[in-house]
Amino acid sequence: MEISYSLKHKPILPIRTAAEMLGVSVHTIRMYEREGLIIPHKSEGNQRQYSHADIERLECIRKAIKELKISINGVKMMYSLLPCWSVVECSEEDKTNCSSYGCHTEPCWAINHPNTTCENRDCRECEVYKDYTKCGEIKELIKKVSKNKL
Ligand code: SF4
């Protein structure tokens with residue numbers, strides 16, 4: 001059964017459960033967080049919580065690393081290619097001020113964005129972070145953006 005969008009993004013799983021579902025250690029999930037690949041939700045008690053969308057994202061990361069032999073830096077580069085400026089409709093001024101616009105090494109959500117439209121956004125709630133959890137979806141977005149430019 002397909003779960004609703006809001007349920008899919010609801011952070012309900014503690015880190016231990018997420019690790020069990022993925023067959024990895026808690027340490028591995030924390031390492032992905034330190035590397036800027038994921039943004040966990042923090043509860044009022046400062047506990048990390050994950051949604052089914054986070055599990056989907058982590059599965060994509062695991063597949064890239066384990067099956068496709070892509071390094072952590074390679075996964076970061078993959079996320080850095082998301083055309084975030086198109087999704088959040090950055091102005092030309094935003095692009096000029098944004099350090100992730102020309103960056104090919106880090107996902108946009110792992111970089112600070114002073115003086116841009118992203119300055120005060122909550123990246124975990126942003127469609128760029130939320131809606132492209134599966135590896136194939138990143139390619140589909142790039143295709144869609146390039147098609148609109150033609
Ligand atoms: S709000 Fe965060 S995730 Fe969204 S485009 Fe800006 S930096 Fe990227």
# chains A, B, ... in the order shown; residues from 1 in each chain; ligands from 1
call {"tool": "residues_around", "arguments": {"residues": "A:Val75", "least_positions_apart": "3", "cutoff": "8 Å", "atoms": "only C-alpha atoms", "output": "ChimeraX atom specification"}}
result
/A:37,61,64-65,70-72,78-79
call {"tool": "write_last_selection", "arguments": {"atoms": "C-alpha atoms", "output": "mmCIF file, in the first residue's frame"}}
result
data_model
loop_
_atom_site.group_PDB
_atom_site.id
_atom_site.type_symbol
_atom_site.label_atom_id
_atom_site.label_comp_id
_atom_site.auth_asym_id
_atom_site.auth_seq_id
_atom_site.Cartn_x
_atom_site.Cartn_y
_atom_site.Cartn_z
ATOM 1 C CA LEU A 37 24.438 13.481 3.184
ATOM 2 C CA ILE A 61 23.291 6.223 -0.467
ATOM 3 C CA ALA A 64 25.706 3.969 -4.418
ATOM 4 C CA ILE A 65 28.466 3.098 -1.943
ATOM 5 C CA ILE A 70 30.864 5.327 -5.338
ATOM 6 C CA SER A 71 32.796 7.058 -2.558
ATOM 7 C CA ILE A 72 31.210 9.371 0.020
ATOM 8 C CA MET A 78 25.876 13.599 -7.022
ATOM 9 C CA TYR A 79 23.720 15.668 -4.643
#
call {"tool": "closest_atom_pairs", "arguments": {"of": "chain A", "to": "ligand 1", "cutoff": "12 Å", "atoms": "only C-alpha atoms and all ligand atoms", "output": "CSV"}}
result
residue,atom,partner,partner_atom_place_in_ligand_line,distance
A:Gly36,CA,ligand 1,3 (S),11.3
A:Leu37,CA,ligand 1,3 (S),11.3
A:Ile38,CA,ligand 1,3 (S),10.7
A:Ile39,CA,ligand 1,3 (S),9.9
A:Tyr79,CA,ligand 1,8 (Fe),9.9
A:Ser80,CA,ligand 1,8 (Fe),9.3
A:Leu81,CA,ligand 1,8 (Fe),11.0
A:Leu82,CA,ligand 1,8 (Fe),8.8
A:Pro83,CA,ligand 1,5 (S),8.5
A:Cys84,CA,ligand 1,5 (S),4.7
A:Trp85,CA,ligand 1,5 (S),6.4
A:Ser86,CA,ligand 1,5 (S),8.8
A:Val87,CA,ligand 1,5 (S),7.2
A:Val88,CA,ligand 1,5 (S),5.9
A:Glu89,CA,ligand 1,5 (S),8.9
A:Cys90,CA,ligand 1,5 (S),8.7
A:Asp94,CA,ligand 1,6 (Fe),10.5
A:Lys95,CA,ligand 1,6 (Fe),11.1
A:Cys98,CA,ligand 1,7 (S),9.2
A:Ser99,CA,ligand 1,7 (S),9.9
A:Ser100,CA,ligand 1,7 (S),7.9
A:Tyr101,CA,ligand 1,7 (S),9.7
A:Cys103,CA,ligand 1,7 (S),11.9
A:Glu106,CA,ligand 1,8 (Fe),10.5
A:Pro107,CA,ligand 1,8 (Fe),7.3
A:Cys108,CA,ligand 1,8 (Fe),4.4
A:Trp109,CA,ligand 1,7 (S),4.1
A:Ala110,CA,ligand 1,7 (S),7.3
A:Ile111,CA,ligand 1,7 (S),6.8
A:Asn112,CA,ligand 1,7 (S),7.4
A:His113,CA,ligand 1,7 (S),6.9
A:Pro114,CA,ligand 1,7 (S),10.4
A:Asn115,CA,ligand 1,6 (Fe),11.7
A:Thr116,CA,ligand 1,6 (Fe),8.6
A:Thr117,CA,ligand 1,6 (Fe),7.3
A:Cys118,CA,ligand 1,6 (Fe),4.3
A:Glu119,CA,ligand 1,6 (Fe),7.5
A:Asn120,CA,ligand 1,1 (S),7.7
A:Arg121,CA,ligand 1,1 (S),4.8
A:Asp122,CA,ligand 1,1 (S),5.9
A:Cys123,CA,ligand 1,2 (Fe),3.7
A:Arg124,CA,ligand 1,3 (S),6.8
A:Glu125,CA,ligand 1,1 (S),7.8
A:Cys126,CA,ligand 1,4 (Fe),4.6
A:Glu127,CA,ligand 1,4 (Fe),6.4
A:Val128,CA,ligand 1,3 (S),5.0
A:Tyr129,CA,ligand 1,3 (S),4.8
A:Lys130,CA,ligand 1,3 (S),8.1
A:Asp131,CA,ligand 1,3 (S),10.1
A:Tyr132,CA,ligand 1,3 (S),10.5
call {"tool": "select_by_dssp", "arguments": {"residues": "chain A", "states": "strand (DSSP E)", "output": "ChimeraX atom specification"}}
result
/A:13-14,41-42,48-50
call {"tool": "residues_around", "arguments": {"residues": "A:Ser43", "least_positions_apart": "5", "cutoff": "9 Å", "atoms": "only C-alpha atoms", "output": "list in words"}}
result
Pro11, Arg48 and Gln49 of chain A
call {"tool": "write_last_selection", "arguments": {"atoms": "C-alpha atoms", "output": "PDB file, in the first residue's frame"}}
result
ATOM      1  CA  PRO A  11      10.013  11.530  11.422  1.00  0.00           C
ATOM      2  CA  ARG A  48      17.461  11.884  16.050  1.00  0.00           C
ATOM      3  CA  GLN A  49      14.332  10.719  14.250  1.00  0.00           C
TER       4      GLN A  49
END
call {"tool": "select_by_dssp", "arguments": {"residues": "stretch 18-143 of chain A", "states": "helix (DSSP H, G or I)", "output": "ChimeraX atom specification"}}
result
/A:18-22,26-34,52-66,72-80,84-87,92-97,108-110,123-125,127-130,135-143
call {"tool": "write_last_selection", "arguments": {"atoms": "C-alpha atoms", "output": "JSON list (two decimals), in the first residue's frame"}}
result
[["chain", "number", "residue", "atom", "x", "y", "z"],
["A", 18, "ALA", "CA", 16.58, 3.10, 11.05],
["A", 19, "ALA", "CA", 19.94, 1.33, 11.35],
["A", 20, "GLU", "CA", 18.23, -2.06, 11.77],
["A", 21, "MET", "CA", 16.00, -1.47, 8.75],
["A", 22, "LEU", "CA", 19.04, -0.65, 6.63],
["A", 26, "VAL", "CA", 24.16, 3.58, 14.18],
["A", 27, "HIS", "CA", 27.73, 4.86, 13.74],
["A", 28, "THR", "CA", 27.34, 4.63, 9.94],
["A", 29, "ILE", "CA", 24.17, 6.75, 9.95],
["A", 30, "ARG", "CA", 25.86, 9.34, 12.17],
["A", 31, "MET", "CA", 28.82, 9.40, 9.80],
["A", 32, "TYR", "CA", 26.50, 10.11, 6.83],
["A", 33, "GLU", "CA", 25.06, 12.97, 8.85],
["A", 34, "ARG", "CA", 28.54, 14.37, 9.63],
["A", 52, "HIS", "CA", 10.40, 6.65, 5.55],
["A", 53, "ALA", "CA", 11.71, 9.23, 3.07],
["A", 54, "ASP", "CA", 14.97, 9.31, 5.05],
["A", 55, "ILE", "CA", 15.14, 5.52, 4.83],
["A", 56, "GLU", "CA", 14.65, 5.78, 1.04],
["A", 57, "ARG", "CA", 17.49, 8.36, 0.86],
["A", 58, "LEU", "CA", 19.76, 6.18, 3.00],
["A", 59, "GLU", "CA", 19.00, 3.15, 0.80],
["A", 60, "CYS", "CA", 20.07, 5.19, -2.24],
["A", 61, "ILE", "CA", 23.29, 6.22, -0.47],
["A", 62, "ARG", "CA", 24.01, 2.64, 0.58],
["A", 63, "LYS", "CA", 23.39, 1.34, -2.93],
["A", 64, "ALA", "CA", 25.71, 3.97, -4.42],
["A", 65, "ILE", "CA", 28.47, 3.10, -1.94],
["A", 66, "LYS", "CA", 28.09, -0.67, -1.71],
["A", 72, "ILE", "CA", 31.21, 9.37, 0.02],
["A", 73, "ASN", "CA", 32.69, 12.29, -1.92],
["A", 74, "GLY", "CA", 31.11, 10.88, -5.07],
["A", 75, "VAL", "CA", 27.69, 10.80, -3.39],
["A", 76, "LYS", "CA", 28.18, 14.39, -2.22],
["A", 77, "MET", "CA", 29.02, 15.38, -5.77],
["A", 78, "MET", "CA", 25.88, 13.60, -7.02],
["A", 79, "TYR", "CA", 23.72, 15.67, -4.64],
["A", 80, "SER", "CA", 25.64, 18.86, -5.51],
["A", 84, "CYS", "CA", 18.33, 23.64, -6.52],
["A", 85, "TRP", "CA", 18.31, 27.19, -7.96],
["A", 86, "SER", "CA", 15.62, 26.15, -10.38],
["A", 87, "VAL", "CA", 13.43, 24.45, -7.75],
["A", 92, "GLU", "CA", 20.29, 36.29, -10.32],
["A", 93, "GLU", "CA", 21.41, 38.10, -7.17],
["A", 94, "ASP", "CA", 20.88, 34.93, -5.10],
["A", 95, "LYS", "CA", 22.98, 32.96, -7.57],
["A", 96, "THR", "CA", 25.77, 35.54, -7.35],
["A", 97, "ASN", "CA", 25.72, 35.42, -3.54],
["A", 108, "CYS", "CA", 23.49, 22.72, -1.15],
["A", 109, "TRP", "CA", 22.04, 21.86, 2.28],
["A", 110, "ALA", "CA", 25.55, 21.27, 3.65],
["A", 123, "CYS", "CA", 16.61, 22.55, 4.43],
["A", 124, "ARG", "CA", 14.92, 19.47, 5.84],
["A", 125, "GLU", "CA", 11.57, 21.00, 4.88],
["A", 127, "GLU", "CA", 11.54, 20.35, -1.66],
["A", 128, "VAL", "CA", 15.12, 20.08, -2.95],
["A", 129, "TYR", "CA", 15.99, 17.92, 0.06],
["A", 130, "LYS", "CA", 12.61, 16.25, 0.52],
["A", 135, "CYS", "CA", 18.90, 8.26, -6.97],
["A", 136, "GLY", "CA", 16.87, 8.11, -10.21],
["A", 137, "GLU", "CA", 14.77, 11.12, -9.21],
["A", 138, "ILE", "CA", 17.84, 13.38, -9.31],
["A", 139, "LYS", "CA", 18.37, 12.52, -12.97],
["A", 140, "GLU", "CA", 14.68, 13.09, -13.73],
["A", 141, "LEU", "CA", 14.84, 16.57, -12.18],
["A", 142, "ILE", "CA", 17.95, 17.47, -14.19],
["A", 143, "LYS", "CA", 16.18, 16.28, -17.37]]
call {"tool": "closest_residue", "arguments": {"among": "A:Ile15, A:Ile3, A:Leu68, A:Val24", "to": "A:Lys42", "atoms": "only C-alpha atoms"}}
result
A:Ile15
call {"tool": "closest_residue", "arguments": {"among": "A:Lys147, A:Gly45, A:Ser51, A:Lys69", "to": "A:Lys10", "atoms": "only C-alpha atoms"}}
result
A:Ser51
call {"tool": "atom_distance", "arguments": {"atom1": "atom CA of A:Thr17", "atom2": "atom CA of A:Tyr50"}}
result
9.0 Å
